[in-house]
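I have placed the structure first, in the form of structure tokens, so that the comments after it can refer back to it.
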Amino acid sequence: MNLDLQALLARRADTVEPPTYDPLAVVARGEQHIKRRNRITAAGAALVLAVTMGLTAVVLDRGSDQTPPVNRPDRDGLTWPPGTRPITYGQEQTLHLGTRQIDTGLDFLSVAVTDDGAALTTIDGGIWFTDGRTVERIGSTLSGRVRPGGVTWAAGRPRDWVVTDTAGSLLAWLEYRGERPDRPELVVYDSDRRAVLHRMPIEVARGPATILAVADRGVFVAEAAGGFPAPGSLRRYDVDTGVLEPVDEADLAAARRGSATSVDSFTVHDSQLDGLVDPRTGEDVEIRVPAGYESGVLWFLQWLDDDRFTLIAGDSAPVGDLLACRITEGRCDVLLDRSTWTTEPLLPGPGGVGAELALVRAMQSVIEARNGG
Amino acid sequence: MAPTPRRDTEEFCDFVTSRSAALFRVAYLIVGEYQLAQDLVQESLEKTYVAWPRLREVANAEAYTRRVIATTATSWRRRRSFHERPVEYLPEPAGEDPAAGVVVHDALWAALLALPPRQRAAIVLRHYVDLSEAETAAAMGCSVGAVKSSASTGLQKLRARIGPDLVLLPPDDQAVTP
């Protein structure tokens, strides 16, 4: 039988009655976006001005938490300065953290970076943290769902991983207790203090809870419906006040300040990175990339500080050269050639191809252990 | 200082009125759910309004909105970090009886929904909107090679899922004339 795919798609599209969009309502919402963007830009400019005028202490104090430190480790011996992040990625059981290579002994599935090191997750639901000197277990995503002596593949799902901000020490994850997948706890952890800051039960009604972002001292949680956040389900947990309240996507966008995250990718036009926003000002920036990357995609990896970030090249997957970029210099340079990858790297955030391979390795390890191999 | 380009509200309203239904159908085929498609188009139109002064022409505006739809759909999916959507029910492909077309159509739709978002977007933009590979690459914010790869892999999966006896006709610009 021959199928005309074009005709079948057209027939499917014709079965739905498109909604009517009120043009003036769209215009009104668009104007709100413009005003919000202008406010963000103004706020960024004000911040730059405040720092320039020597008001740094005032600005920094506003976001600080007055809770006394708990188990705060000595920073002596760390190989990167405070307030910055080392280039981080995994290869099999090895975690590359700046200049350090840590043999974790773990088949970790994901990597999330903070200013203090990296959090890893394993297939049994374990959450681990390392600053390059030690690897310690700091929590679990699935305590209620793992049967004694058993394992659940659910820990391989990205929504069970750890989410971090683009700067700072906050980590967030969802923890399930007492066989209640409909009522997870949101856990907020501070990697600077090595301590859990908050636990907050999350009510869900329409789909599994998922953390969309940690940004601007807030954790954004939504319910998933068919792979998207269910409309109206987005909520923000304020880390400083402990208040969980409904928000909309504009609030999430404002919290992110246009800052790229590890789920973003960029194309190149006229040797310039297309669409990168300076998180300090909210304005588009011009970043020149070396020749040879015009036709592919550059995947955002991580911010190293407010000025520096890394990209990885790749056509349909992030497996190419690693580029280091600096906004103030307006350019990127190749830091690691793709030949460096002895295996596909497991990258911060969604993880890339390396995450898929890590999941397969972890599942094989579990099966071999069960079979006594 | 250069003058700020004028934001022609009337022209934008005409664009929304005339093109939103077509844009909705594209969004619906990419995301597979009515409500989500409705929200996606609403959000994309708002972004188009913000960008309106630099788009200049309605054709540019439609391409821009389609790009926002495609990239937002795939980034939402990546942000959700869900992989392929599980297919709980795939109707068996049938023979040449009158009901077979409906069953096959349903099977194909279910198989399409099971594809990763980038592959689905590439197939919808190529086979439904009838964009060229270059236009599809522009709409998805990726290279032509990535479009070829996504569409090819997606079609292979569709063929595998709906059965070996079914042949998917390519778009006109890929058809081979004997």
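We name chains A, B, ... following the order of the structure tokens; residues begin at 1 in each chain, and ligands are numbered from 1 as shown.
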I'd like the neighbourhood of Val297 of chain A as a count of residues only, where a residue qualifies if any of its atoms comes within 10 Å (using only C-alpha atoms), though same-chain residues fewer than 5 positions away should be ignored. 18
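Backbone DSSP assigns strand (DSSP E or B) in segment 278-355 of chain A to A:Asp284, A:Arg288, A:Val297, A:Leu298, A:Trp299, A:Phe300, A:Leu301, A:Gln302, A:Trp303, A:Arg308, A:Phe309, A:Thr310, A:Leu311, A:Ile312, A:Ala313, A:Gly314, A:Leu322, A:Leu323, A:Ala324, A:Cys325, A:Arg326, A:Arg331, A:Cys332, A:Asp333, A:Val334, A:Leu335, A:Leu336, A:Leu346, A:Pro348.
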Selected residues written out, C-alpha atoms, as an mmCIF file, in the first residue's frame:
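Generated file (result.cif):
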```cif
data_model
loop_
_atom_site.group_PDB
_atom_site.id
_atom_site.type_symbol
_atom_site.label_atom_id
_atom_site.label_comp_id
_atom_site.auth_asym_id
_atom_site.auth_seq_id
_atom_site.Cartn_x
_atom_site.Cartn_y
_atom_site.Cartn_z
ATOM 1 C CA ASP A 284 22.027 40.599 22.629
ATOM 2 C CA ARG A 288 32.523 35.716 16.855
ATOM 3 C CA VAL A 297 24.827 23.849 15.683
ATOM 4 C CA LEU A 298 26.680 25.060 18.770
ATOM 5 C CA TRP A 299 25.217 23.659 21.974
ATOM 6 C CA PHE A 300 25.458 25.687 25.136
ATOM 7 C CA LEU A 301 27.269 23.858 27.939
ATOM 8 C CA GLN A 302 27.735 26.087 30.984
ATOM 9 C CA TRP A 303 28.560 29.523 32.288
ATOM 10 C CA ARG A 308 32.817 33.253 30.210
ATOM 11 C CA PHE A 309 30.927 30.250 28.897
ATOM 12 C CA THR A 310 31.496 27.075 26.915
ATOM 13 C CA LEU A 311 29.884 25.615 23.794
ATOM 14 C CA ILE A 312 30.216 22.270 22.106
ATOM 15 C CA ALA A 313 29.874 21.804 18.379
ATOM 16 C CA GLY A 314 27.841 19.127 16.670
ATOM 17 C CA LEU A 322 34.583 22.323 22.816
ATOM 18 C CA LEU A 323 34.761 26.123 22.544
ATOM 19 C CA ALA A 324 35.515 28.599 25.326
ATOM 20 C CA CYS A 325 33.972 32.053 24.861
ATOM 21 C CA ARG A 326 34.250 35.444 26.538
ATOM 22 C CA ARG A 331 34.909 35.754 20.653
ATOM 23 C CA CYS A 332 35.180 32.001 21.103
ATOM 24 C CA ASP A 333 38.252 29.815 20.762
ATOM 25 C CA VAL A 334 38.607 26.073 20.411
ATOM 26 C CA LEU A 335 39.594 24.648 23.784
ATOM 27 C CA LEU A 336 39.334 20.916 23.096
ATOM 28 C CA LEU A 346 28.353 13.220 29.393
ATOM 29 C CA PRO A 348 25.978 19.075 32.222
#
```
Do you know which residues are at most 12 Å from segment 8-12 of chain B counting only C-alpha atoms, after dropping those on the same chain fewer than 6 positions away, and could you put them as a ChimeraX atom specification? /A:22-28,30-31 /B:18-20,45-59,61-62
Report, in Å to a single decimal, how far apart atom CA of Ala112 of chain A and atom CA of Ser191 of chain A are. 11.4 Å
From A:Asp165, A:Leu186, A:Thr104, A:Leu304, residue lying nearest Pro86 of chain A [only C-alpha atoms]: A:Leu304
